[in-house]
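A.B. asks: If you scroll down you'll find the structure; I have some questions about it.
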Number of protein chains: 2
Amino acid sequence: METPGRRERKKAATRQALADAALKLFLERGYDQVSIRDIAEEADVSTTTLFKHFPGKEALVFDQDQDREALFIAVVRQRREGQSVVDALREHVLDGWLKLADHPQMAEYTDLVNSTPALQTYGERMWTRHTAALSAAIAEDAGVAPDNISCQALARFVLDIPALTRGRPEPRKAVEEIFDLLTHGWRMP
Amino acid sequence: METPGRRERKKAATRQALADAALKLFLERGYDQVSIRDIAEEADVSTTTLFKHFPGKEALVFDQDQDREALFIAVVRQRREGQSVVDALREHVLDGWLKLADHPQMAEYTDLVNSTPALQTYGERMWTRHTAALSAAIAEDAGVAPDNISCQALARFVLDIPALTRGRPEPRKAVEEIFDLLTHGWRMP
DNA sequence: GTAAAAAAGTGCAATGAGTCAACTTAGTGA
DNA sequence: TCACTAAGTTGACTCATTGCACTTTTTTAC
């Protein structure tokens with residue numbers, strides 16, 4: 001298992017070619033104006049091959065979301081002494097994914113997602129999919145049942161943040177305000 | 001505009017026939033095992049006609065969600081003196097939609113939705129779609145800008161509640177706990 | 001009361017996503 | 001080398017959804 005092996009490498013190459021082709025065409029013509037077949041052709045594979053690498057059209061756009069879930073769980077488990085779960089999550093959101101958001105290379109990518117309803121929906125789902133895992137980590141940390149509703153709610157609300165702050169001029173401030181709500185409860189602003 | 005007119009009535013009848021046919025077939029065979037054509041045929045109309053009444057397959061299942069949005073807004077605006085927005089929303093959630101949940105006739109319907117991923121997704125979206133409107137009402141009430149992030153977050157979190165409490169043994173208690181979180185902030189349970 | 005205008009519905013063909021089954025090819029490992 | 005396995009191919013297929021041209025009501029205006 002040291003070397004990935006030629007097979008693995010070729011597989012990865014094909015996958016990458018597909019993702020690249022897709023992103024290129026989507027940016028050129030717009031998501032809806034590109035068909036699966038266009039993408040497969042651009043990457044010079046058959047459409048069936050494409051579907052062996054990606055479960056659907058939207059997945060071609062969200063290709064690098066492997067260890068988000070593990071990261072969130074680690075944040076809960078390995079936080080500093082005396083730091084609350086909510087504060088640890090706040091820190092992670094601010095330091096972690098918020099930085100990626102204003103990479104200049106990300107701009108057109110972000111525009112693509114924001115201008116395509118199907119991708120917005122799918123993107124939100126990619127986050128909230130981790131609700132169960134994050135919730136379980138929080139519950140374990142608090143020493144309560146894994147299906148504790150407060151923990152599930154907190155997890156869900158935290159994972160809603162990307163959707164809530166998308167396209168905001170001051171995402172940092174927005175994130176802070178949301179965490180204030182989660183920490184202290186609603187106060188008439 | 002007094003009488004609905006024959007036209008309106010016929011239109012409504014067709015629509016109802018479609019919704020009924022769809023629900024019947026879905027319950028009989030399961031969502032994925034029923035095609036649009038099956039439904040159209042059962043209701044004795046063409047598939048084209050079906051799509052003039054419903055924007056898609058999932059919409060056939062969620063047919064009675066007209067004034068949810070208006071209701072939420074009314075709850076915010078016309079609450080009792082001295083009652084906070086959050087408490088008004090809590091009351092509405094507990095009194096309003098929670099009661100419908102345990103109608104015995106609803107059981108198989110609920111099962112259908114819960115066992116079909118496409119319908120779960122669509123159902124969640126039906127709620128969160130009202131985020132903007134509810135958020136605006138809350139912001140107006142609080143006298144802040146309509147895109148105030150705290151208001152948007154509160155609206156979103158409240159509308160997340162159906163998704164969070166779906167299939168719970170004690171929905172009432174769950175709703176209360178979530179509102180406690182929104183009122184007082186997160187407390188290690 | 002009759003003639004448009006508007007709406008409801010139909011039929012049909014097309015597009016595009018996603019699936020399936022049977023096959024070929026190339027990498028792996030003994 | 002040889003058999004095994006996973007990647008890829010082909011082509012046909014299902015199904016949702018849309019567009020277009022057409023017919024049949026119902027309503028509205030004259």
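As shown in the structure tokens, the chain order sets the letters A, B, ...; within each chain, residues go from 1, and ligands are also counted from 1 in the order they appear.
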Please, which residues of chain A lie no more than 10 Å from chain C when the count uses only C-alpha atoms (C1' of nucleotides), and can they be set out as a PyMOL selection string?

C.D. replies: chain A and resi 5-8+34-37+47-48+51+55-57

A.B. asks: Tell me the residues of chain B close to chain A, meaning within 7 Å using only C-alpha atoms, as a PyMOL selection string.

C.D. replies: chain B and resi 142+149-150+153+157+164+174+177-178+181-186+188-189

A.B. asks: Sorted by chain and rising residue number, list the residues of chain A at most 8 Å from chain D (counting only C-alpha atoms (C1' of nucleotides)), each with its closest atom pair and distance in Å to one decimal, as a tab-separated table.

C.D. replies:
residue	atom	partner	partner_atom	distance
A:Lys11	CA	D:DA7	C1'	7.5
A:Val45	CA	D:DG8	C1'	7.9
A:Ser46	CA	D:DT9	C1'	6.9
A:Thr49	CA	D:DG8	C1'	6.4

A.B. asks: Grab the CA of Leu100 in chain B to CA of Arg172 in chain B distance for me, in Å with one decimal place.

C.D. replies: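 Taking CA of Leu100 in chain B as the start and CA of Arg172 in chain B as the end point, the length is 12.3 Å.
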
A.B. asks: What does the distance between CA of Asp38 in chain A and CA of Leu25 in chain A come to in Å, to one decimal place?

C.D. replies: 8.3 Å

A.B. asks: As a ChimeraX atom specification, please: all residues of range 2-188 of chain A that backbone DSSP puts in helix (DSSP H, G or I).

C.D. replies: /A:5-29,31-33,36-42,47-53,58-60,68-77,85-101,106-114,117-128,131-142,149-165,171-184

A.B. asks: With only C-alpha atoms (C1' of nucleotides) as the counted atoms, please give the residues lying no more than 9 Å from Ala133 in chain A, apart from itself and same-chain residues fewer than 4 positions off, as a ChimeraX atom specification.

C.D. replies: /A:69-70,72-73,129,137-138,155

A.B. asks: Please, could you write that set of residues out with N, CA and C atoms as an mmCIF file, in the first residue's frame?

C.D. replies:
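Resulting contents of out03.cif:
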data_model
loop_
_atom_site.group_PDB
_atom_site.id
_atom_site.type_symbol
_atom_site.label_atom_id
_atom_site.label_comp_id
_atom_site.auth_asym_id
_atom_site.auth_seq_id
_atom_site.Cartn_x
_atom_site.Cartn_y
_atom_site.Cartn_z
ATOM 1 N N GLU A 69 -15.751 16.626 7.686
ATOM 2 C CA GLU A 69 -16.427 16.013 8.818
ATOM 3 C C GLU A 69 -15.435 15.661 9.918
ATOM 4 N N ALA A 70 -14.360 14.982 9.538
ATOM 5 C CA ALA A 70 -13.340 14.600 10.516
ATOM 6 C C ALA A 70 -12.774 15.826 11.216
ATOM 7 N N PHE A 72 -14.235 18.752 11.810
ATOM 8 C CA PHE A 72 -15.187 19.283 12.782
ATOM 9 C C PHE A 72 -15.152 18.454 14.076
ATOM 10 N N ILE A 73 -15.112 17.155 13.891
ATOM 11 C CA ILE A 73 -15.114 16.281 15.064
ATOM 12 C C ILE A 73 -13.842 16.487 15.887
ATOM 13 N N ARG A 129 -25.151 17.438 5.645
ATOM 14 C CA ARG A 129 -24.953 15.987 5.668
ATOM 15 C C ARG A 129 -24.138 15.555 6.888
ATOM 16 N N ALA A 137 -20.511 13.855 18.078
ATOM 17 C CA ALA A 137 -19.273 14.273 18.754
ATOM 18 C C ALA A 137 -19.593 15.219 19.907
ATOM 19 N N ILE A 138 -20.488 16.161 19.659
ATOM 20 C CA ILE A 138 -20.872 17.111 20.702
ATOM 21 C C ILE A 138 -21.533 16.378 21.869
ATOM 22 N N ALA A 155 -25.444 21.359 16.177
ATOM 23 C CA ALA A 155 -24.687 20.900 15.009
ATOM 24 C C ALA A 155 -25.298 21.452 13.724
#
